[in-house]
Amino acid sequence: MNKLNVSLSPHVKDKDSVPKIMYGVIIALIPALLVSVYFFGLDALRVQAIAIISCILFEWLIQKFLIKGQNTIPDGSAVLTGMLLAFNVPANLPWWIMVIGALVAIGVGKMSFGGLGKNPFNPALVGRVFILISFPVQMTNWPKISVLNFTGIDAETGATPLAIMKEGLANGEKVSDIMSSMPTSLVDMMTGQMGGSLGEISAIALIVGGIYMLWKKIIPVHIPLSIFASIALFAGVMNLIDPTAYAGPAFHLLTGGVMLGAIFMATDMVTSPMSKKGMWIYGVGIGVITVLIRVWGAYPEGISFAILIMNGFVPLINNSIKPKLFGKVKEK
Amino acid sequence: MLKTFPKGGVHPAENKMAATAEIQSLPLPKQVVIPLAQHIGAPAQAVVKRGDVVKTGTLIAKASGFVSANIHSSVSGKVKKIDNVLDSSGYKKPSIIIDVDGDEWEENIDCDPALINDLSKTPEEIKQKIMEAGIVGLGGATFPTHVKLSIPEGKSIDHIIINAVECEPYLTADHRVMLEKAHEIMLGTSLIMKATGVDKAIIGIENNKPDAIELLSKIAKEYKGIQIDTLKVQYPQGGEKQLIKAVLDREVPSGGLPLDVGCVVQNVGTAIAVYEAVQKNKPLIERVVTVTGKSVNKPINLMVRIGTSANELIEAAGGLPDDTGKVVNGGPMMGKAISDTNVPVTKGTSGILIFNTQESKRAKIYNCIRCARCTFVCSQGLEPFNLKNIAEINDWEKLEKEHVMDCIECGSCSYTCPAGVPILDYIRLGKSTVSQIIRSRKK
């Protein structure tokens with residue numbers, strides 16, 4: 001007779017696994033990826049490919065030669081970091097900046113801390129913010145969208161709605177005048193017809209991905225909802241106080257990286273709180289900091305910074321918010 | 001909305017293949033091995049010796065102390081020897097080995113299946129009968145029933161809860177006895193109510209057993225004070241604390257007992273054993289065991305004499321499949337894997353579950369990705385990932401402060417972990433160390 005396995009209970013396990021979660025997020029990114037190819041052509045694919053290949057390569061090299069551990073590429077997290085990193089940069093970004101971004105994301109953001117699950121900050125955002133600060137010109141040189149243009153000769157660039165708003169307000173213009181002179185309407189922002197990073201432009205595509213992840217129970221609804229609600233509330237109150245100096249909630253929700261950040265970046269399990277209550281605090285923090293930076297800060301967009309700042313608070317949040325013990329007895 | 005416990009829980013695939021298989025009696029084995037320790041508490045002391053002739057139902061080992069239980073011969077025959085024999089715990093334990101020569105019962109046992117509905121015995125008489133019959137909790141915990149029914153001074157209870165949840169996947173023994181011995185359950189429940197002086201009993205059943213719910217609800221009207229509660233399917237609802245929370249919305253305090261919230265919980269099988277002990281003088285010498293598994297030829301429910309080798313049960317289910325990788329004594333969530341199939345069925349054996357090689361492999365382990373699913377499924381309100389991390393660094397003091405002793409070892413955390421981390425293995429290690437520390441502190 002065969003020798004019997006005598007491991008401890010439980011003897012059954014549900015089917016979910018780390019790779020399934022990672023590939024689930026990757027599937028959820030596909031609608032936004034298709035929109036980016038539709039508007040930015042082959043450039044979008046080129047940047048994606050460079051980011052993914054660099055992330056895989058750097059993780060493999062670090063794991064093999066520095067950490068000297070098992071190959072971790074099959075868990076899917078390097079591919080996901082690469083995709084998210086590419087989603088956060090302009091489609092015409094020079095290849096070598098993308099490679100540096102990938103090195104910082106994987107090397108500093110993830111592997112320095114021990115790899116998947118150990119990093120305190122979202123690796124893709126660490127890479128993104130590093131290259132944003134190091135190469136501000138290339139990182140804010142947004143290509144103009146053009147439908148299904150695969151020739152690659154369209155080198156025209158333009159500003160994002162957030163940059164137009166910031167500059168207009170700095171020149172003393174009224175919000176309503178800036179909005180009417182803007183080349184993009186709120187509907188265009190929903191579908192993705194605006195300047196911006198390659199994966200952040202279409203709110204609809206990102207929301208479709210978010211709904212898929214909610215259905216597959218990959219992300220909790222609390223984080224995106226609290227970010228949206230706090231941005232809408234904060235921007236809405238400011239807009240009510242002075243409609244000429246502060247843009248409304250719809251503008252803030254649909255522009256820049258709010259959709260991408262709230263649905264895909266802030267919900268990273270590794271770097272977000274582990275309790276429902278903690279998720280609300282974290283989400284509200286991200287929303288408030290985003291609006292603060294956008295309205296009063298030096299940068300037109302602030303969600304990347306906001307998420308990284310709140311990532312830093314996660315250990316504190318986790319330590320202070322504990323689940324309620326069953327049958328808790330009051331301490332005498 | 002169906003009742004259930006409010007926080008945590010999982011819903012594993014039910015796989016109740018044996019649910020439609022009527023209980024069959026397993027033919028008598030040639031030999032039985034009856035361990036002296038098959039209950040929680042002190043092992044019983046043998047009162048027979050080599051060469052003694054015993055009948056079915058003869059007392060062969062006496063309870064040693066209050067928290068202990070009598071043991072009776074499950075067959076008639078001759079005591080071959082008293083020796084250390086491998087049991088389902090994986091250790092060799094003192095056991096009485098009896099060569100079977102027939103099935104001659106003790107004269108005072110009433111083998112007539114006619115129902116006896118008689119509540120004239122006093123609570124003391126009922127408890128005495130239960131104690132003499134060596135009845136222990138048949139749900140798997142095997143706590144001596146007479147101890148559970150002795151309400152200490154200063155405590156009072158108002159409800160008996162009958163645990164008919166059978167939340168473990170695969171197992172169907174309780175389901176079958178509800179369908180086949182419904183009246184005995186009601187009569188046993190009435191006796192337990194009498195013994196504890198309680199006039200309300202609730203039988204909690206999950207709604208994946210609609211036939212049992214229908215049958216028991218119908219006949220419950222004939223009995224005073226017994227109510228059936230249909231519960232949503234949710235593991236670990238068969239845990240005492242979760243069941244009390246589900247049916248009465250009372251929370252057993254941390255470190256406390258169901259007594260502290262006015263309840264005593266008994267398994268359905270135990271209720272039948274109580275009825276048979278009190279009205280028929282029948283000691284606990286047999287029980288229903290489910291033999292099942294996806295690779296098993298013929299999943300069945302068997303009425304088995306205590307001490308029968310698991311091998312005989314597996315043969316009755318079509319034999320051990322060739323690619324068997326693991327055999328579990330009990331259910332898939334809390335049962336114990338056995339190292340050898342030649343171990344005796346004891347009072348706590350609710351099932352023999354067979355997994356093939358593929359099913360018996362553990363999942364690949366990844367780094368924890370802090371998804372918090374273990375915390376969300378923990379019905380005790382603990383943070384399993386945290387307990388695991390603390391246990392791993394041997395910080396026992398911190399582990400105790402984080403309430404490791406409140407863990408009921410239901411396994412929902414390990415079951416749900418997408419990183420395949422065996423969280424409960426570490427928590428068990430921590431629990432046993434912390435409980436040793438607590439015991440040595442009390443000395």
# chains A, B, ... in the order shown; residues from 1 in each chain; ligands from 1
>>> interface_residues(of="chain A", to="chain B", cutoff="8 Å", atoms="only C-alpha atoms", output="PyMOL selection string")
chain A and resi 2-18+116-118+269-271+274-275+322-329
>>> write_last_selection(atoms="N, CA and C atoms", output="CSV table (one decimal), in the first residue's frame")
chain,number,residue,atom,x,y,z
A,2,ASN,N,0.3,2.3,-0.6
A,2,ASN,CA,1.1,3.6,-0.6
A,2,ASN,C,1.2,4.1,0.8
A,3,LYS,N,2.2,4.8,1.0
A,3,LYS,CA,2.3,5.5,2.3
A,3,LYS,C,1.2,6.6,2.3
A,4,LEU,N,0.6,6.8,3.5
A,4,LEU,CA,-0.5,7.8,3.5
A,4,LEU,C,0.1,9.2,4.0
A,5,ASN,N,-0.4,10.2,3.4
A,5,ASN,CA,-0.1,11.6,3.8
A,5,ASN,C,-0.8,11.9,5.1
A,6,VAL,N,-0.1,12.4,6.1
A,6,VAL,CA,-0.7,12.7,7.3
A,6,VAL,C,-0.7,14.2,7.7
A,7,SER,N,-0.8,15.1,6.8
A,7,SER,CA,-0.8,16.5,7.1
A,7,SER,C,-2.0,16.9,7.9
A,8,LEU,N,-1.9,18.0,8.6
A,8,LEU,CA,-2.9,18.5,9.5
A,8,LEU,C,-4.1,19.1,8.7
A,9,SER,N,-5.3,19.2,9.4
A,9,SER,CA,-6.5,19.7,8.8
A,9,SER,C,-6.3,21.2,8.6
A,10,PRO,N,-7.0,21.9,7.7
A,10,PRO,CA,-8.0,21.4,6.8
A,10,PRO,C,-7.4,20.6,5.6
A,11,HIS,N,-8.1,19.7,5.1
A,11,HIS,CA,-7.6,18.8,4.1
A,11,HIS,C,-8.1,19.3,2.7
A,12,VAL,N,-8.9,20.3,2.7
A,12,VAL,CA,-9.4,20.9,1.4
A,12,VAL,C,-9.1,22.4,1.4
A,13,LYS,N,-9.0,22.9,0.2
A,13,LYS,CA,-8.7,24.3,0.0
A,13,LYS,C,-9.5,24.9,-1.1
A,14,ASP,N,-9.9,26.2,-1.0
A,14,ASP,CA,-10.6,26.7,-2.2
A,14,ASP,C,-9.6,27.0,-3.3
A,15,LYS,N,-10.2,27.2,-4.5
A,15,LYS,CA,-9.4,27.2,-5.7
A,15,LYS,C,-8.5,28.4,-5.9
A,16,ASP,N,-8.8,29.5,-5.2
A,16,ASP,CA,-8.1,30.8,-5.5
A,16,ASP,C,-6.6,30.7,-5.1
A,17,SER,N,-5.8,31.4,-5.9
A,17,SER,CA,-4.4,31.4,-5.6
A,17,SER,C,-3.8,32.8,-6.0
A,18,VAL,N,-2.6,33.0,-5.5
A,18,VAL,CA,-1.9,34.3,-5.8
A,18,VAL,C,-1.9,34.5,-7.4
A,116,LEU,N,7.4,40.0,-3.6
A,116,LEU,CA,5.9,40.0,-3.5
A,116,LEU,C,5.5,39.9,-2.1
A,117,GLY,N,4.6,40.8,-1.7
A,117,GLY,CA,3.9,40.8,-0.4
A,117,GLY,C,4.7,41.5,0.7
A,118,LYS,N,5.9,41.9,0.5
A,118,LYS,CA,6.7,42.4,1.6
A,118,LYS,C,6.9,44.0,1.4
A,269,MET,N,-3.5,44.7,-2.9
A,269,MET,CA,-3.7,44.1,-1.5
A,269,MET,C,-2.5,44.3,-0.6
A,270,VAL,N,-1.3,44.2,-1.2
A,270,VAL,CA,-0.1,44.2,-0.4
A,270,VAL,C,0.0,45.6,0.4
A,271,THR,N,-0.3,46.6,-0.3
A,271,THR,CA,0.0,48.0,0.3
A,271,THR,C,-1.3,48.7,0.8
A,274,MET,N,-5.9,46.1,5.9
A,274,MET,CA,-6.5,44.8,6.0
A,274,MET,C,-7.8,44.7,6.7
A,275,SER,N,-8.5,45.9,7.0
A,275,SER,CA,-9.8,45.9,7.6
A,275,SER,C,-10.7,46.8,6.8
A,322,LYS,N,-8.4,46.6,14.8
A,322,LYS,CA,-8.4,45.2,15.0
A,322,LYS,C,-9.9,44.7,14.8
A,323,PRO,N,-10.1,43.5,14.3
A,323,PRO,CA,-11.5,43.0,14.2
A,323,PRO,C,-12.0,42.8,15.6
A,324,LYS,N,-13.3,42.8,15.7
A,324,LYS,CA,-14.0,42.6,17.0
A,324,LYS,C,-13.9,41.1,17.4
A,325,LEU,N,-13.3,40.9,18.6
A,325,LEU,CA,-13.2,39.5,19.0
A,325,LEU,C,-14.5,38.9,19.4
A,326,PHE,N,-14.8,37.7,18.9
A,326,PHE,CA,-16.0,37.0,19.3
A,326,PHE,C,-16.1,36.9,20.8
A,327,GLY,N,-17.2,37.3,21.4
A,327,GLY,CA,-17.4,37.1,22.8
A,327,GLY,C,-16.4,37.9,23.6
A,328,LYS,N,-16.1,39.1,23.1
A,328,LYS,CA,-15.1,40.0,23.8
A,328,LYS,C,-15.6,40.3,25.3
A,329,VAL,N,-14.7,40.1,26.2
A,329,VAL,CA,-15.0,40.4,27.6
A,329,VAL,C,-14.4,41.7,27.9
>>> closest_atom_pairs(of="segment 258-331 of chain A", to="segment 195-219 of chain A", cutoff="9 Å", atoms="only C-alpha atoms", output="Markdown table")
| residue | atom | partner | partner_atom | distance |
| --- | --- | --- | --- | --- |
| A:Val258 | CA | A:Glu200 | CA | 8.0 |
| A:Met259 | CA | A:Ala203 | CA | 6.0 |
| A:Leu260 | CA | A:Glu200 | CA | 5.4 |
| A:Gly261 | CA | A:Glu200 | CA | 8.4 |
| A:Ile263 | CA | A:Gly210 | CA | 5.9 |
| A:Phe264 | CA | A:Gly210 | CA | 7.6 |
| A:Thr267 | CA | A:Ile219 | CA | 6.2 |
| A:Asp268 | CA | A:Ile219 | CA | 8.0 |
| A:Met269 | CA | A:Ile219 | CA | 7.8 |
>>> write_last_selection(atoms="N, CA and C atoms", output="PDB file, in the first residue's frame")
ATOM      1  N   VAL A 258      -7.354  59.496 -11.452  1.00  0.00           N
ATOM      2  CA  VAL A 258      -8.226  59.106 -10.344  1.00  0.00           C
ATOM      3  C   VAL A 258      -8.827  57.716 -10.562  1.00  0.00           C
ATOM      4  N   MET A 259      -9.365  57.477 -11.766  1.00  0.00           N
ATOM      5  CA  MET A 259      -9.988  56.175 -12.033  1.00  0.00           C
ATOM      6  C   MET A 259      -8.937  55.056 -11.946  1.00  0.00           C
ATOM      7  N   LEU A 260      -7.838  55.246 -12.651  1.00  0.00           N
ATOM      8  CA  LEU A 260      -6.778  54.229 -12.638  1.00  0.00           C
ATOM      9  C   LEU A 260      -6.253  54.028 -11.220  1.00  0.00           C
ATOM     10  N   GLY A 261      -6.020  55.139 -10.529  1.00  0.00           N
ATOM     11  CA  GLY A 261      -5.454  55.056  -9.185  1.00  0.00           C
ATOM     12  C   GLY A 261      -6.406  54.399  -8.196  1.00  0.00           C
ATOM     13  N   ILE A 263      -9.067  52.485  -8.737  1.00  0.00           N
ATOM     14  CA  ILE A 263      -9.515  51.119  -9.024  1.00  0.00           C
ATOM     15  C   ILE A 263      -8.347  50.133  -9.038  1.00  0.00           C
ATOM     16  N   PHE A 264      -7.205  50.537  -9.606  1.00  0.00           N
ATOM     17  CA  PHE A 264      -6.125  49.568  -9.803  1.00  0.00           C
ATOM     18  C   PHE A 264      -4.897  49.762  -8.909  1.00  0.00           C
ATOM     19  N   THR A 267      -5.895  49.787  -4.695  1.00  0.00           N
ATOM     20  CA  THR A 267      -6.490  48.532  -4.236  1.00  0.00           C
ATOM     21  C   THR A 267      -5.480  47.394  -4.153  1.00  0.00           C
ATOM     22  N   ASP A 268      -4.226  47.660  -4.482  1.00  0.00           N
ATOM     23  CA  ASP A 268      -3.193  46.630  -4.358  1.00  0.00           C
ATOM     24  C   ASP A 268      -3.255  46.051  -2.938  1.00  0.00           C
ATOM     25  N   MET A 269      -3.497  44.727  -2.860  1.00  0.00           N
ATOM     26  CA  MET A 269      -3.692  44.097  -1.540  1.00  0.00           C
ATOM     27  C   MET A 269      -2.502  44.286  -0.614  1.00  0.00           C
TER      28      MET A 269
END
>>> select_by_dssp(residues="segment 35-259 of chain B", states="strand (DSSP E)", output="ChimeraX atom specification")
/B:35,45-46,53-54,59-62,71-72,76-86,92-102,159-163,201-206,226-231
>>> write_last_selection(atoms="C-alpha atoms", output="PDB file, in the first residue's frame")
ATOM      1  CA  PRO B  35      -9.063   1.989  23.175  1.00  0.00           C
ATOM      2  CA  GLN B  45      -9.594   1.842  33.645  1.00  0.00           C
ATOM      3  CA  ALA B  46      -9.970  -1.699  32.386  1.00  0.00           C
ATOM      4  CA  VAL B  53     -15.714 -13.744  28.587  1.00  0.00           C
ATOM      5  CA  VAL B  54     -17.791 -10.651  27.777  1.00  0.00           C
ATOM      6  CA  LEU B  59     -18.742  -2.942  31.115  1.00  0.00           C
ATOM      7  CA  ILE B  60     -15.076  -3.492  30.286  1.00  0.00           C
ATOM      8  CA  ALA B  61     -13.532  -0.238  31.497  1.00  0.00           C
ATOM      9  CA  LYS B  62     -14.684   2.131  34.224  1.00  0.00           C
ATOM     10  CA  ILE B  71     -16.528   1.783  28.056  1.00  0.00           C
ATOM     11  CA  HIS B  72     -18.510  -1.335  27.163  1.00  0.00           C
ATOM     12  CA  SER B  76     -19.557 -10.860  22.690  1.00  0.00           C
ATOM     13  CA  GLY B  77     -16.396 -12.890  22.910  1.00  0.00           C
ATOM     14  CA  LYS B  78     -13.226 -13.395  24.856  1.00  0.00           C
ATOM     15  CA  VAL B  79     -10.696 -10.778  25.940  1.00  0.00           C
ATOM     16  CA  LYS B  80      -7.531 -11.672  24.032  1.00  0.00           C
ATOM     17  CA  LYS B  81      -5.287  -9.162  25.709  1.00  0.00           C
ATOM     18  CA  ILE B  82      -4.890  -5.589  26.849  1.00  0.00           C
ATOM     19  CA  ASP B  83      -2.134  -3.988  24.873  1.00  0.00           C
ATOM     20  CA  ASN B  84      -0.916  -0.792  23.278  1.00  0.00           C
ATOM     21  CA  VAL B  85      -2.398  -0.521  19.811  1.00  0.00           C
ATOM     22  CA  LEU B  86      -2.111   2.179  17.141  1.00  0.00           C
ATOM     23  CA  LYS B  92      -0.153   3.442  20.400  1.00  0.00           C
ATOM     24  CA  LYS B  93      -2.708   3.612  23.194  1.00  0.00           C
ATOM     25  CA  PRO B  94      -3.822   1.008  25.761  1.00  0.00           C
ATOM     26  CA  SER B  95      -6.714  -0.927  24.271  1.00  0.00           C
ATOM     27  CA  ILE B  96      -8.786  -3.994  25.080  1.00  0.00           C
ATOM     28  CA  ILE B  97      -8.644  -6.539  22.283  1.00  0.00           C
ATOM     29  CA  ILE B  98     -11.598  -8.905  22.090  1.00  0.00           C
ATOM     30  CA  ASP B  99     -11.913 -11.970  19.834  1.00  0.00           C
ATOM     31  CA  VAL B 100     -15.495 -12.038  18.623  1.00  0.00           C
ATOM     32  CA  ASP B 101     -17.491 -15.206  18.898  1.00  0.00           C
ATOM     33  CA  GLY B 102     -20.997 -13.886  18.442  1.00  0.00           C
ATOM     34  CA  HIS B 159     -32.144  26.373  26.215  1.00  0.00           C
ATOM     35  CA  ILE B 160     -30.908  23.034  24.948  1.00  0.00           C
ATOM     36  CA  ILE B 161     -29.510  23.341  21.443  1.00  0.00           C
ATOM     37  CA  ILE B 162     -29.321  20.209  19.352  1.00  0.00           C
ATOM     38  CA  ASN B 163     -26.518  20.429  16.816  1.00  0.00           C
ATOM     39  CA  ALA B 201     -34.935  23.062  22.863  1.00  0.00           C
ATOM     40  CA  ILE B 202     -33.877  24.202  19.405  1.00  0.00           C
ATOM     41  CA  ILE B 203     -32.640  21.835  16.717  1.00  0.00           C
ATOM     42  CA  GLY B 204     -30.421  23.761  14.297  1.00  0.00           C
ATOM     43  CA  ILE B 205     -30.204  22.301  10.771  1.00  0.00           C
ATOM     44  CA  GLU B 206     -28.557  23.829   7.688  1.00  0.00           C
ATOM     45  CA  ILE B 226     -38.858  21.494  20.638  1.00  0.00           C
ATOM     46  CA  GLN B 227     -38.381  23.884  17.769  1.00  0.00           C
ATOM     47  CA  ILE B 228     -36.532  23.455  14.448  1.00  0.00           C
ATOM     48  CA  ASP B 229     -34.376  26.312  13.150  1.00  0.00           C
ATOM     49  CA  THR B 230     -33.340  26.324   9.503  1.00  0.00           C
ATOM     50  CA  LEU B 231     -29.872  27.803   9.098  1.00  0.00           C
TER      51      LEU B 231
END
>>> atom_distance(atom1="atom CA of Gly293 of chain B", atom2="atom CA of Ile354 of chain B")
4.8 Å
>>> closest_residue(among="B:Tyr235, B:Thr292, B:Lys55, B:Ala195", to="Glu107 of chain B", atoms="only C-alpha atoms")
B:Lys55
>>> residues_around(residues="Phe58 of chain A", least_positions_apart="3", cutoff="8 Å", atoms="only C-alpha atoms", output="mmCIF file with C-alpha atoms, in the first residue's frame")
data_model
loop_
_atom_site.group_PDB
_atom_site.id
_atom_site.type_symbol
_atom_site.label_atom_id
_atom_site.label_comp_id
_atom_site.auth_asym_id
_atom_site.auth_seq_id
_atom_site.Cartn_x
_atom_site.Cartn_y
_atom_site.Cartn_z
ATOM 1 C CA SER A 54 11.971 45.045 -18.255
ATOM 2 C CA CYS A 55 10.016 44.243 -15.097
ATOM 3 C CA LEU A 61 17.864 38.784 -12.427
ATOM 4 C CA ILE A 62 17.487 40.077 -8.869
ATOM 5 C CA ALA A 102 10.983 49.419 -14.370
ATOM 6 C CA LEU A 103 14.305 49.012 -12.573
ATOM 7 C CA ILE A 106 11.004 46.236 -9.296
ATOM 8 C CA GLY A 107 14.374 46.846 -7.669
#
>>> residues_around(residues="Leu302 of chain B", least_positions_apart="4", cutoff="8 Å", atoms="only C-alpha atoms", output="number ranges by chain")
B: 23-26, 288-291, 313
>>> residues_around(residues="Ser432 of chain B", least_positions_apart="6", cutoff="10 Å", atoms="only C-alpha atoms", output="ChimeraX atom specification")
/B:404-405,438
>>> residues_around(residues="Val434 of chain B", least_positions_apart="2", cutoff="8 Å", atoms="only C-alpha atoms", output="JSON list (two decimals) with N, CA and C atoms, in the first residue's frame")
[["chain", "number", "residue", "atom", "x", "y", "z"],
["B", 396, "TRP", "N", 5.48, 33.94, 22.56],
["B", 396, "TRP", "CA", 4.27, 33.34, 23.15],
["B", 396, "TRP", "C", 3.44, 34.33, 23.94],
["B", 397, "GLU", "N", 4.13, 35.29, 24.61],
["B", 397, "GLU", "CA", 3.42, 36.26, 25.43],
["B", 397, "GLU", "C", 2.48, 37.10, 24.57],
["B", 399, "LEU", "N", 1.42, 36.30, 21.67],
["B", 399, "LEU", "CA", 0.43, 35.41, 21.07],
["B", 399, "LEU", "C", -0.78, 35.24, 21.99],
["B", 400, "GLU", "N", -0.52, 35.14, 23.29],
["B", 400, "GLU", "CA", -1.61, 35.00, 24.24],
["B", 400, "GLU", "C", -2.45, 36.28, 24.28],
["B", 405, "MET", "N", -5.88, 31.63, 22.19],
["B", 405, "MET", "CA", -6.67, 30.55, 22.79],
["B", 405, "MET", "C", -8.14, 30.59, 22.35],
["B", 430, "GLY", "N", 1.33, 27.38, 18.20],
["B", 430, "GLY", "CA", 1.28, 28.45, 19.17],
["B", 430, "GLY", "C", 0.29, 28.16, 20.29],
["B", 431, "LYS", "N", -0.88, 27.63, 19.91],
["B", 431, "LYS", "CA", -1.90, 27.33, 20.90],
["B", 431, "LYS", "C", -1.42, 26.31, 21.92],
["B", 432, "SER", "N", -0.78, 25.25, 21.42],
["B", 432, "SER", "CA", -0.39, 24.21, 22.38],
["B", 432, "SER", "C", 0.71, 24.73, 23.30],
["B", 436, "GLN", "N", 0.24, 25.28, 27.43],
["B", 436, "GLN", "CA", 1.19, 24.73, 28.42],
["B", 436, "GLN", "C", 1.65, 25.81, 29.39],
["B", 437, "ILE", "N", 1.95, 26.99, 28.83],
["B", 437, "ILE", "CA", 2.40, 28.10, 29.68],
["B", 437, "ILE", "C", 1.31, 28.47, 30.68],
["B", 438, "ILE", "N", 0.05, 28.53, 30.18],
["B", 438, "ILE", "CA", -1.06, 28.90, 31.07],
["B", 438, "ILE", "C", -1.20, 27.85, 32.18]]
>>> closest_residue(among="A:Ala124, A:Leu29, A:Ile309, A:Ala105", to="Tyr282 of chain A", atoms="only C-alpha atoms")
A:Ile309
